[in-house]
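> What follows is start-v3.pdb, PDB, C-alpha atoms.
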ATOM      1  CA  MET A 849     -90.536   4.449  23.050
ATOM      2  CA  LEU A 850     -88.666   7.737  22.867
ATOM      3  CA  TRP A 851     -88.393  10.220  25.706
ATOM      4  CA  HIS A 852     -88.330  13.995  25.813
ATOM      5  CA  TYR A 853     -86.894  15.477  29.022
ATOM      6  CA  THR A 854     -88.292  18.834  30.013
ATOM      7  CA  THR A 855     -89.258  21.161  32.847
ATOM      8  CA  ALA A 856     -92.730  21.485  34.353
ATOM      9  CA  GLU A 857     -93.289  24.559  32.201
ATOM     10  CA  GLY A 858     -92.235  22.636  29.106
ATOM     11  CA  LEU A 859     -94.518  19.732  29.994
ATOM     12  CA  LEU A 860     -97.545  22.006  30.362
ATOM     13  CA  GLY A 861     -96.845  23.648  27.018
ATOM     14  CA  ILE A 862     -96.483  20.317  25.226
ATOM     15  CA  LEU A 863     -99.663  18.874  26.746
ATOM     16  CA  SER A 864    -101.787  21.970  26.142
ATOM     17  CA  GLU A 865    -100.628  22.691  22.572
ATOM     18  CA  GLY A 866     -99.984  19.199  21.233
ATOM     19  CA  LYS A 867     -96.730  20.593  19.862
ATOM     20  CA  ILE A 868     -93.048  20.220  20.626
ATOM     21  CA  ARG A 869     -90.512  22.992  20.142
ATOM     22  CA  ALA A 870     -87.731  22.384  17.645
ATOM     23  CA  GLY A 871     -84.893  24.730  18.553
ATOM     24  CA  SER A 872     -82.277  26.180  16.219
ATOM     25  CA  LEU A 873     -79.329  23.844  15.714
ATOM     26  CA  ASP A 874     -76.772  26.392  16.871
ATOM     27  CA  SER A 875     -78.436  26.691  20.302
ATOM     28  CA  LEU A 876     -78.101  23.032  21.385
ATOM     29  CA  ASN A 877     -75.751  21.586  24.011
ATOM     30  CA  ASP A 878     -72.950  20.484  21.671
ATOM     31  CA  SER A 879     -71.115  23.684  20.672
ATOM     32  CA  SER A 880     -70.008  22.093  17.386
ATOM     33  CA  GLU A 881     -73.576  21.129  16.381
ATOM     34  CA  GLY A 882     -73.845  21.091  12.605
ATOM     35  CA  LEU A 883     -71.116  23.682  12.141
ATOM     36  CA  TYR A 884     -68.137  21.409  11.527
ATOM     37  CA  MET A 885     -70.101  19.033   9.305
ATOM     38  CA  SER A 886     -71.512  21.891   7.218
ATOM     39  CA  GLN A 887     -68.060  23.405   6.793
ATOM     40  CA  ARG A 888     -66.687  20.014   5.736
ATOM     41  CA  VAL A 889     -69.465  19.646   3.133
ATOM     42  CA  ILE A 890     -68.633  23.073   1.690
ATOM     43  CA  GLU A 891     -64.896  22.307   1.619
ATOM     44  CA  SER A 892     -65.569  19.020  -0.181
ATOM     45  CA  ALA A 893     -67.781  20.746  -2.747
ATOM     46  CA  ARG A 894     -65.144  23.404  -3.422
ATOM     47  CA  ARG A 895     -62.472  20.769  -4.012
ATOM     48  CA  ASN A 896     -64.633  19.326  -6.780
ATOM     49  CA  LEU A 897     -65.232  22.652  -8.553
ATOM     50  CA  ARG A 898     -63.212  25.291 -10.366
ATOM     51  CA  GLU A 899     -61.975  28.070  -8.105
ATOM     52  CA  LYS A 900     -64.537  30.738  -9.008
ATOM     53  CA  ASP A 901     -67.412  28.256  -8.970
ATOM     54  CA  GLY A 902     -66.315  26.982  -5.562
ATOM     55  CA  ALA A 903     -66.136  30.520  -4.204
ATOM     56  CA  ALA A 904     -69.600  31.330  -5.572
ATOM     57  CA  LEU A 905     -71.082  28.168  -4.080
ATOM     58  CA  ALA A 906     -69.428  28.817  -0.711
ATOM     59  CA  SER A 907     -70.893  32.324  -0.718
ATOM     60  CA  ILE A 908     -74.378  30.914  -1.345
ATOM     61  CA  LEU A 909     -74.031  28.242   1.329
ATOM     62  CA  GLY A 910     -72.810  30.830   3.817
ATOM     63  CA  GLN A 911     -76.186  32.547   3.815
ATOM     64  CA  PRO A 912     -78.490  32.112   6.863
ATOM     65  CA  SER A 913     -80.992  30.250   4.676
ATOM     66  CA  TYR A 914     -78.670  27.244   4.684
ATOM     67  CA  GLY A 915     -77.087  25.027   7.324
ATOM     68  CA  PRO A 916     -77.238  25.373  11.136
ATOM     69  CA  LEU A 917     -78.855  28.817  11.147
ATOM     70  CA  SER A 918     -81.853  27.533   9.185
ATOM     71  CA  THR A 919     -82.237  24.123  10.832
ATOM     72  CA  ALA A 920     -84.603  23.312  13.688
ATOM     73  CA  VAL A 921     -84.188  20.230  15.865
ATOM     74  CA  ALA A 922     -86.527  18.471  18.315
ATOM     75  CA  CYS A 923     -84.612  16.064  20.549
ATOM     76  CA  PHE A 924     -85.595  12.717  22.048
ATOM     77  CA  CYS A 925     -83.739  10.086  24.036
ATOM     78  CA  ALA A 926     -84.002   6.291  23.804
ATOM     79  CA  SER A 927     -83.328   6.016  27.566
ATOM     80  CA  ASP A 928     -86.240   6.761  29.864
ATOM     81  CA  ASP A 929     -84.461   7.453  33.156
ATOM     82  CA  LEU A 930     -80.985   8.779  32.367
ATOM     83  CA  LEU A 931     -79.142  10.758  35.022
ATOM     84  CA  GLY A 932     -77.313  12.904  32.480
ATOM     85  CA  GLN A 933     -80.566  13.944  30.835
ATOM     86  CA  TRP A 934     -82.179  14.827  34.149
ATOM     87  CA  ARG A 935     -79.205  17.019  34.991
ATOM     88  CA  ALA A 936     -79.025  18.679  31.594
ATOM     89  CA  TYR A 937     -82.674  19.597  31.108
ATOM     90  CA  SER A 938     -84.254  20.085  34.510
ATOM     91  CA  GLN A 939     -81.719  19.468  37.293
ATOM     92  CA  GLY A 940     -83.845  16.441  38.137
ATOM     93  CA  LYS A 941     -86.882  18.577  38.925
ATOM     94  CA  GLY A 942     -88.751  17.923  35.731
ATOM     95  CA  PHE A 943     -90.438  15.253  33.674
ATOM     96  CA  ALA A 944     -89.672  12.808  30.871
ATOM     97  CA  ILE A 945     -92.463  12.351  28.322
ATOM     98  CA  GLY A 946     -92.641   8.947  26.656
ATOM     99  CA  PHE A 947     -93.726   9.059  22.997
ATOM    100  CA  ASP A 948     -94.672   6.149  20.782
ATOM    101  CA  SER A 949     -91.857   6.368  18.221
ATOM    102  CA  LYS A 950     -93.851   4.615  15.485
ATOM    103  CA  ALA A 951     -96.709   7.088  15.908
ATOM    104  CA  LEU A 952     -94.297  10.031  15.649
ATOM    105  CA  ALA A 953     -92.671   8.564  12.540
ATOM    106  CA  LYS A 954     -96.059   7.960  10.917
ATOM    107  CA  ARG A 955     -97.143  11.543  11.464
ATOM    108  CA  TRP A 956     -93.908  13.381  10.659
ATOM    109  CA  ILE A 957     -92.617  11.195   7.837
ATOM    110  CA  THR A 958     -95.682   9.666   6.188
ATOM    111  CA  GLU A 959     -98.510  12.142   6.866
ATOM    112  CA  THR A 960     -97.105  15.654   7.214
ATOM    113  CA  ARG A 961     -93.599  15.168   5.760
ATOM    114  CA  GLU A 962     -92.349  17.468   8.449
ATOM    115  CA  GLY A 963     -88.699  16.569   8.072
ATOM    116  CA  VAL A 964     -86.253  13.777   8.825
ATOM    117  CA  PHE A 965     -86.832  11.657  11.950
ATOM    118  CA  ALA A 966     -83.939   9.324  12.791
ATOM    119  CA  PRO A 967     -81.302   8.366  15.370
ATOM    120  CA  VAL A 968     -78.133  10.415  15.830
ATOM    121  CA  ARG A 969     -74.793   8.889  14.819
ATOM    122  CA  TYR A 970     -71.759   9.366  17.065
ATOM    123  CA  SER A 971     -68.876   8.329  14.784
ATOM    124  CA  LEU A 972     -66.554  11.100  13.609
ATOM    125  CA  GLU A 973     -65.248   8.841  10.846
ATOM    126  CA  THR A 974     -68.764   8.275   9.526
ATOM    127  CA  ALA A 975     -69.503  11.996   9.793
ATOM    128  CA  MET A 976     -66.489  12.911   7.688
ATOM    129  CA  GLU A 977     -67.250  10.273   5.053
ATOM    130  CA  THR A 978     -70.832  11.547   4.845
ATOM    131  CA  ALA A 979     -69.684  15.161   4.538
ATOM    132  CA  ASP A 980     -67.259  14.340   1.740
ATOM    133  CA  ARG A 981     -69.930  12.386  -0.147
ATOM    134  CA  HIS A 982     -72.501  15.154   0.233
ATOM    135  CA  GLY A 983     -69.987  17.761  -0.911
ATOM    136  CA  LYS A 984     -69.315  15.835  -4.122
ATOM    137  CA  GLU A 985     -73.072  15.449  -4.746
ATOM    138  CA  ILE A 986     -73.539  19.206  -4.394
ATOM    139  CA  ALA A 987     -70.584  19.900  -6.710
ATOM    140  CA  ASP A 988     -72.004  17.499  -9.320
ATOM    141  CA  ALA A 989     -75.400  19.212  -9.074
ATOM    142  CA  TRP A 990     -73.733  22.612  -9.523
ATOM    143  CA  LYS A 991     -71.967  21.399 -12.679
ATOM    144  CA  ALA A 992     -75.236  20.005 -14.032
ATOM    145  CA  ALA A 993     -77.082  23.285 -13.339
ATOM    146  CA  LEU A 994     -74.265  25.487 -14.686
ATOM    147  CA  PRO A 995     -72.337  23.450 -17.278
ATOM    148  CA  GLY A 996     -70.264  26.464 -18.315
ATOM    149  CA  GLY A 997     -69.619  27.563 -14.766
ATOM    150  CA  ILE A 998     -70.355  30.873 -13.074
ATOM    151  CA  GLU A 999     -68.086  32.760 -15.496
ATOM    152  CA  ALA A1000     -70.181  31.671 -18.470
ATOM    153  CA  VAL A1001     -73.326  32.863 -16.701
ATOM    154  CA  ALA A1002     -71.727  36.243 -16.014
ATOM    155  CA  ALA A1003     -70.552  36.583 -19.625
ATOM    156  CA  ASP A1004     -74.020  35.808 -20.977
ATOM    157  CA  SER A1005     -75.702  38.115 -18.480
ATOM    158  CA  PHE A1006     -73.595  41.142 -19.396
ATOM    159  CA  ARG A1007     -73.878  40.944 -23.162
ATOM    160  CA  GLY A1008     -74.689  44.389 -24.403
ATOM    161  CA  GLY A1009     -73.715  45.846 -21.019
ATOM    162  CA  GLU A1010     -76.903  44.987 -19.185
ATOM    163  CA  ILE A1011     -78.467  42.085 -17.335
ATOM    164  CA  LEU A1012     -81.601  40.919 -19.092
ATOM    165  CA  GLU A1013     -84.665  39.791 -17.142
ATOM    166  CA  SER A1014     -84.633  36.534 -19.069
ATOM    167  CA  ASP A1015     -81.077  35.862 -17.859
ATOM    168  CA  VAL A1016     -82.095  36.253 -14.232
ATOM    169  CA  GLU A1017     -85.114  33.991 -14.704
ATOM    170  CA  SER A1018     -82.979  31.371 -16.455
ATOM    171  CA  LEU A1019     -80.388  31.363 -13.673
ATOM    172  CA  ALA A1020     -83.110  31.085 -11.039
ATOM    173  CA  ARG A1021     -84.530  28.035 -12.806
ATOM    174  CA  GLN A1022     -81.088  26.468 -13.075
ATOM    175  CA  LEU A1023     -80.357  26.908  -9.383
ATOM    176  CA  CYS A1024     -83.816  25.809  -8.209
ATOM    177  CA  GLY A1025     -82.969  22.122  -8.491
ATOM    178  CA  LEU A1026     -79.635  22.734  -6.793
ATOM    179  CA  ASP A1027     -81.373  24.440  -3.879
ATOM    180  CA  SER A1028     -83.694  21.476  -3.339
ATOM    181  CA  LEU A1029     -80.623  19.240  -3.026
ATOM    182  CA  ILE A1030     -78.432  21.451  -0.855
ATOM    183  CA  GLY A1031     -80.952  21.971   1.958
ATOM    184  CA  PRO A1032     -81.501  18.287   2.813
ATOM    185  CA  LEU A1033     -77.804  17.459   2.512
ATOM    186  CA  LEU A1034     -76.751  20.222   4.895
ATOM    187  CA  MET A1035     -79.582  19.291   7.261
ATOM    188  CA  SER A1036     -78.066  15.818   7.529
ATOM    189  CA  ALA A1037     -75.268  17.423   9.552
ATOM    190  CA  ALA A1038     -77.714  17.561  12.450
ATOM    191  CA  PHE A1039     -77.599  13.759  12.754
ATOM    192  CA  HIS A1040     -73.905  13.629  13.588
ATOM    193  CA  LYS A1041     -72.560  14.429  17.063
ATOM    194  CA  ASP A1042     -69.298  14.176  18.925
ATOM    195  CA  PRO A1043     -68.785  10.651  20.401
ATOM    196  CA  HIS A1044     -68.646  12.186  23.905
ATOM    197  CA  PHE A1045     -72.453  12.399  23.727
ATOM    198  CA  THR A1046     -72.979   8.699  22.924
ATOM    199  CA  ASP A1047     -74.747   7.944  26.234
ATOM    200  CA  GLU A1048     -77.626  10.186  25.188
ATOM    201  CA  ARG A1049     -78.827   7.628  22.581
ATOM    202  CA  GLU A1050     -80.531  10.528  20.880
ATOM    203  CA  TRP A1051     -83.173  10.639  18.157
ATOM    204  CA  ARG A1052     -84.079  13.822  16.332
ATOM    205  CA  LEU A1053     -86.695  15.417  14.192
ATOM    206  CA  VAL A1054     -84.799  17.767  11.890
ATOM    207  CA  THR A1055     -86.858  20.354  10.055
ATOM    208  CA  ARG A1056     -86.666  23.956   8.903
ATOM    209  CA  LEU A1057     -86.871  26.968  11.170
ATOM    210  CA  ALA A1058     -89.808  29.251  10.543
ATOM    211  CA  SER A1059     -89.106  32.352   8.507
ATOM    212  CA  PRO A1060     -89.459  35.624  10.471
ATOM    213  CA  ILE A1061     -91.139  37.209   7.434
ATOM    214  CA  SER A1062     -93.481  34.325   6.670
ATOM    215  CA  LYS A1063     -97.108  35.374   6.277
ATOM    216  CA  LYS A1064     -98.437  32.004   7.393
ATOM    217  CA  ASP A1065     -98.581  30.578  10.893
ATOM    218  CA  ASP A1066     -95.690  28.123  10.749
ATOM    219  CA  GLY A1067     -95.053  27.870  14.481
ATOM    220  CA  GLY A1068     -92.119  30.267  14.675
ATOM    221  CA  GLY A1069     -91.298  32.021  17.910
ATOM    222  CA  ALA A1070     -88.642  33.180  20.350
ATOM    223  CA  ARG A1071     -88.192  32.636  24.081
ATOM    224  CA  SER A1072     -85.845  33.802  26.798
ATOM    225  CA  ARG A1073     -82.975  31.481  27.612
ATOM    226  CA  ASP A1074     -80.019  31.970  29.962
ATOM    227  CA  GLY A1075     -80.370  35.731  29.795
ATOM    228  CA  GLY A1076     -80.636  35.769  26.002
ATOM    229  CA  LEU A1077     -83.017  34.746  23.246
ATOM    230  CA  ALA A1078     -83.531  31.400  21.522
ATOM    231  CA  ILE A1079     -85.613  30.922  18.394
ATOM    232  CA  TYR A1080     -87.692  27.844  17.726
ATOM    233  CA  ARG A1081     -90.460  26.317  15.665
ATOM    234  CA  ALA A1082     -93.406  24.613  17.394
ATOM    235  CA  VAL A1083     -94.117  21.342  15.568
ATOM    236  CA  LYS A1084     -97.494  19.644  15.880
ATOM    237  CA  PHE A1085     -97.410  15.947  16.829
ATOM    238  CA  GLN A1086    -101.147  15.197  17.122
ATOM    239  CA  GLU A1087    -104.599  16.371  16.162
ATOM    240  CA  SER A1088    -105.997  15.665  19.635
ATOM    241  CA  PRO A1089    -104.913  13.843  22.823
ATOM    242  CA  ASP A1090    -107.225  10.945  21.888
ATOM    243  CA  ASP A1091    -105.095  10.012  18.889
ATOM    244  CA  GLY A1092    -101.809  11.349  20.237
ATOM    245  CA  PRO A1093     -98.464   9.527  20.685
ATOM    246  CA  ILE A1094     -97.892  10.221  24.411
ATOM    247  CA  ARG A1095     -97.921   6.951  26.347
ATOM    248  CA  ARG A1096     -96.059   7.631  29.613
ATOM    249  CA  VAL A1097     -94.687  10.445  31.730
ATOM    250  CA  ARG A1098     -91.953   9.936  34.318
ATOM    251  CA  VAL A1099     -91.492  12.230  37.322
ATOM    252  CA  GLY A1100     -87.899  13.372  37.823
ATOM    253  CA  PRO A1101     -85.761  12.192  40.776
ATOM    254  CA  GLY A1102     -85.615  15.679  42.286
ATOM    255  CA  LEU A1103     -89.380  15.839  42.834
ATOM    256  CA  PRO A1104     -91.461  14.088  45.541
ATOM    257  CA  PHE A1105     -93.232  11.356  43.589
ATOM    258  CA  GLU A1106     -96.309  10.943  45.799
ATOM    259  CA  GLU A1107     -97.216  14.613  45.514
ATOM    260  CA  GLN A1108     -96.103  15.169  41.919
ATOM    261  CA  GLY A1109     -97.544  11.874  40.720
ATOM    262  CA  ARG A1110    -101.010  12.942  41.862
ATOM    263  CA  ALA A1111    -100.588  16.388  40.322
ATOM    264  CA  LEU A1112     -99.408  14.840  37.065
ATOM    265  CA  GLU A1113    -102.365  12.440  36.888
ATOM    266  CA  TRP A1114    -104.756  15.352  37.434
ATOM    267  CA  THR A1115    -103.001  17.451  34.773
ATOM    268  CA  LEU A1116    -103.045  14.663  32.195
ATOM    269  CA  SER A1117    -106.735  14.090  32.775
ATOM    270  CA  ALA A1118    -107.501  17.805  32.583
ATOM    271  CA  PHE A1119    -105.856  18.037  29.165
ATOM    272  CA  GLY A1120    -107.617  14.916  27.887
ATOM    273  CA  TYR A1121    -104.704  12.454  28.027
ATOM    274  CA  ASN A1122    -106.461   9.358  29.285
ATOM    275  CA  GLY A1123    -104.635   6.091  29.813
ATOM    276  CA  VAL A1124    -101.171   7.664  30.072
ATOM    277  CA  ASP A1125     -98.973   5.891  32.643
ATOM    278  CA  VAL A1126     -97.357   7.956  35.399
ATOM    279  CA  LEU A1127     -93.974   6.588  36.463
ATOM    280  CA  GLU A1128     -91.443   7.248  39.228
ATOM    281  CA  SER A1129     -87.749   7.744  38.552
ATOM    282  CA  ALA A1130     -85.474   4.950  39.775
ATOM    283  CA  VAL A1131     -82.446   7.260  39.947
ATOM    284  CA  PRO A1132     -81.431   7.323  43.641
ATOM    285  CA  LEU A1133     -79.770  10.724  43.477
ATOM    286  CA  ARG A1134     -81.782  13.546  45.005
ATOM    287  CA  PHE A1135     -81.079  17.015  43.640
ATOM    288  CA  VAL A1136     -81.048  20.044  45.917
TER
END
Rewrite the structure of this file - the entire thing - as structure tokens.


Amino acid sequence: MLWHYTTAEGLLGILSEGKIRAGSLDSLNDSSEGLYMSQRVIESARRNLREKDGAALASILGQPSYGPLSTAVACFCASDDLLGQWRAYSQGKGFAIGFDSKALAKRWITETREGVFAPVRYSLETAMETADRHGKEIADAWKAALPGGIEAVAADSFRGGEILESDVESLARQLCGLDSLIGPLLMSAAFHKDPHFTDEREWRLVTRLASPISKKDDGGGARSRDGGLAIYRAVKFQESPDDGPIRRVRVGPGLPFEEQGRALEWTLSAFGYNGVDVLESAVPLRFV
């Protein structure tokens, strides 16, 4: 069972839409989220390439289409009644939704291939080893795509003083395979966090943010947050409540359970979530 802590507003949105919001990686509670790992991957790749190739690759990887700015994360916790989570997400006056982890994995990994769904790792040593390995893999892929390096591409492209359409198409084909490798490797940075967050026992769905210029409905949106804006992607986790993964909902310690338990049971029934257990928090602290 994995738990998603949220406010009453968040709970209503999740129940009514059958979707959970995956927020941009750079908006989460760890200020170093993804950034340090991504930078380490780029540094590792540059060390394994000639200077101009490394600079060209770093320029490509610095674009918003890669790394933290393009990555969306939906967060879950393996602990169902954790004081730190209550404080962080709702000041205790919220709810924790219990999801069947196997059902989520089946949908997001096997059926829809939404992204990567796995536990977070809290070892800095492991994070650095992973970053160095990924950087070398990217450098090797660059060498395979451009055996002569970026200078050879430039020399070929400017023969006769002009860039031929065939040159551009050839380069695009060469870099296509590289692009399919880079994205997943940089996304892996989202599964490494500072050890200070170990108590969270976090799991994540890591996927791509929706494109603002996409012509299809891919769940992209923006919401107000702390006086600013936060972008997200709404990810579907069920076709209907009947076959959905929600098994339990726990009322936060800052809410009166007798009153809120009844309201929660009514709400679950109204949205078609039958057989979902309503639980009381055992945390003795009462928030004011």

> Here's a test: counting all atoms listed in the file, identify every protein, DNA and RNA residue with an atom at most 10 Å from (-93.6, 8.3, 28.3) in the file's coordinate frame, and state them as an MDAnalysis selection string.

chainID A and resid 849:853 928 943:948 1093:1098 1124:1127

> Starting from the shown file, work through the PyMOL selection byres ((chain A and resi 953-962) around 9) and note down what comes out as a list in words.

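Expected selection for the PyMOL selection byres ((chain A and resi 953-962) around 9) here is Asp948, Ser949, Lys950, Ala951, Leu952, Gly963, Val964, Phe965, Ala966, Leu1053, Val1054, Thr1055, Arg1056, Val1083, Lys1084, Phe1085 and Gln1086 of chain A.
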
> Please indicate the distance in Å from atom CA of Phe1039 of chain A to atom CA of Asn896 of chain A, rounded to one decimal place.

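Spanning atom CA of Phe1039 of chain A to atom CA of Asn896 of chain A is a straight-line distance of 24.1 Å.
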
> Please report the interatomic distance between atom CA of Ser1088 of chain A and atom CA of Glu1113 of chain A in Å with one decimal.

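So the two atoms, atom CA of Ser1088 of chain A and atom CA of Glu1113 of chain A, lie 17.9 Å apart.
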
> What is the distance, in Å and to one decimal place, between atom CA of Gly996 of chain A and atom CA of Ile908 of chain A?

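Atom CA of Ile908 of chain A lies at a distance of 18.0 Å from atom CA of Gly996 of chain A.
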
> Neighbours of Gln1108 of chain A within 12 Å (all atoms listed in the file; same-chain residues fewer than 2 positions away dropped), as a compact mmCIF listing (two decimals) with C-alpha atoms, keeping the file's coordinate frame?


# COMPACT_ATOMS: atom_id res chain seq x y z
CA ALA A 856 -92.73 21.48 34.35
CA LYS A 941 -86.88 18.58 38.92
CA GLY A 942 -88.75 17.92 35.73
CA PHE A 943 -90.44 15.25 33.67
CA VAL A 1097 -94.69 10.44 31.73
CA ARG A 1098 -91.95 9.94 34.32
CA VAL A 1099 -91.49 12.23 37.32
CA GLY A 1100 -87.90 13.37 37.82
CA PRO A 1101 -85.76 12.19 40.78
CA GLY A 1102 -85.62 15.68 42.29
CA LEU A 1103 -89.38 15.84 42.83
CA PRO A 1104 -91.46 14.09 45.54
CA PHE A 1105 -93.23 11.36 43.59
CA GLU A 1106 -96.31 10.94 45.80
CA ARG A 1110 -101.01 12.94 41.86
CA ALA A 1111 -100.59 16.39 40.32
CA LEU A 1112 -99.41 14.84 37.06
CA GLU A 1113 -102.36 12.44 36.89
CA TRP A 1114 -104.76 15.35 37.43
CA THR A 1115 -103.00 17.45 34.77
CA LEU A 1116 -103.04 14.66 32.20
CA VAL A 1126 -97.36 7.96 35.40
CA LEU A 1127 -93.97 6.59 36.46
CA GLU A 1128 -91.44 7.25 39.23
CA SER A 1129 -87.75 7.74 38.55

> May I have the centre and edge lengths, in Å to one decimal, of an axis-aligned box around the listed atoms of segment 855-867 of chain A with 5 Å added to every side, as AutoDock Vina command-line options?


--center_x -95.5 --center_y 21.7 --center_z 27.1 --size_x 22.5 --size_y 15.7 --size_z 24.5

> From the list A:Arg898, A:Val921, A:Tyr937, A:Ala904, which residue is nearest Ile1079 of chain A when using all atoms listed in the file?

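Of A:Arg898, A:Val921, A:Tyr937, A:Ala904, the one nearest Ile1079 of chain A is A:Val921, counting all atoms listed in the file.
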
> Report as a list in words the full result of the PyMOL selection byres ((chain A and resi 1082) around 9) when it is applied to this structure.

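Evaluating the PyMOL selection byres ((chain A and resi 1082) around 9) on these coordinates yields Lys867, Ile868, Arg869, Ala870, Gly871, Asp1066, Gly1067, Gly1068, Gly1069, Tyr1080, Arg1081, Val1083 and Lys1084 of chain A.
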
> Which one of A:Pro967, A:Gly1120, A:Gly858, A:Gly940 sits closest to Pro1132 of chain A if you count only C-alpha atoms?

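The shortest atom-to-atom distance to Pro1132 of chain A comes from A:Gly940.
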
> Out of A:Asp1042, A:Asp901, A:Asp1091, A:Glu999, which residue has the shortest atom-to-atom distance to Tyr970 of chain A when counting all atoms listed in the file?

A:Asp1042

> Would you fill out segment 936-952 of chain A with N, CA and C atoms and return it as an mmCIF file, in the frame of the given file?


data_model
loop_
_atom_site.group_PDB
_atom_site.id
_atom_site.type_symbol
_atom_site.label_atom_id
_atom_site.label_comp_id
_atom_site.auth_asym_id
_atom_site.auth_seq_id
_atom_site.Cartn_x
_atom_site.Cartn_y
_atom_site.Cartn_z
ATOM 1 N N ALA A 936 -79.157 17.710 32.674
ATOM 2 C CA ALA A 936 -79.025 18.679 31.594
ATOM 3 C C ALA A 936 -80.278 19.521 31.375
ATOM 4 N N TYR A 937 -81.454 18.906 31.516
ATOM 5 C CA TYR A 937 -82.674 19.597 31.108
ATOM 6 C C TYR A 937 -83.539 20.118 32.252
ATOM 7 N N SER A 938 -83.360 19.604 33.453
ATOM 8 C CA SER A 938 -84.254 20.085 34.510
ATOM 9 C C SER A 938 -83.655 19.993 35.901
ATOM 10 N N GLN A 939 -82.350 19.674 35.987
ATOM 11 C CA GLN A 939 -81.719 19.468 37.293
ATOM 12 C C GLN A 939 -82.497 18.459 38.126
ATOM 13 N N GLY A 940 -83.103 17.499 37.448
ATOM 14 C CA GLY A 940 -83.845 16.441 38.137
ATOM 15 C C GLY A 940 -85.254 16.820 38.515
ATOM 16 N N LYS A 941 -85.553 18.120 38.504
ATOM 17 C CA LYS A 941 -86.882 18.577 38.925
ATOM 18 C C LYS A 941 -87.737 18.856 37.698
ATOM 19 N N GLY A 942 -87.968 17.789 36.945
ATOM 20 C CA GLY A 942 -88.751 17.923 35.731
ATOM 21 C C GLY A 942 -89.428 16.619 35.383
ATOM 22 N N PHE A 943 -89.679 16.421 34.119
ATOM 23 C CA PHE A 943 -90.438 15.253 33.674
ATOM 24 C C PHE A 943 -89.853 14.722 32.371
ATOM 25 N N ALA A 944 -90.053 13.428 32.137
ATOM 26 C CA ALA A 944 -89.672 12.808 30.871
ATOM 27 C C ALA A 944 -90.946 12.265 30.236
ATOM 28 N N ILE A 945 -91.240 12.736 29.029
ATOM 29 C CA ILE A 945 -92.463 12.351 28.322
ATOM 30 C C ILE A 945 -92.144 11.209 27.368
ATOM 31 N N GLY A 946 -92.863 10.102 27.513
ATOM 32 C CA GLY A 946 -92.641 8.947 26.656
ATOM 33 C C GLY A 946 -93.557 8.957 25.440
ATOM 34 N N PHE A 947 -92.972 9.032 24.250
ATOM 35 C CA PHE A 947 -93.726 9.059 22.997
ATOM 36 C C PHE A 947 -93.616 7.719 22.279
ATOM 37 N N ASP A 948 -94.687 7.318 21.660
ATOM 38 C CA ASP A 948 -94.672 6.149 20.782
ATOM 39 C C ASP A 948 -93.902 6.538 19.520
ATOM 40 N N SER A 949 -92.715 5.964 19.331
ATOM 41 C CA SER A 949 -91.857 6.368 18.221
ATOM 42 C C SER A 949 -92.484 6.064 16.864
ATOM 43 N N LYS A 950 -93.218 4.960 16.758
ATOM 44 C CA LYS A 950 -93.851 4.615 15.485
ATOM 45 C C LYS A 950 -94.940 5.622 15.128
ATOM 46 N N ALA A 951 -95.658 6.097 16.151
ATOM 47 C CA ALA A 951 -96.709 7.088 15.908
ATOM 48 C C ALA A 951 -96.096 8.416 15.453
ATOM 49 N N LEU A 952 -94.970 8.800 16.067
ATOM 50 C CA LEU A 952 -94.297 10.031 15.649
ATOM 51 C C LEU A 952 -93.806 9.905 14.206
#
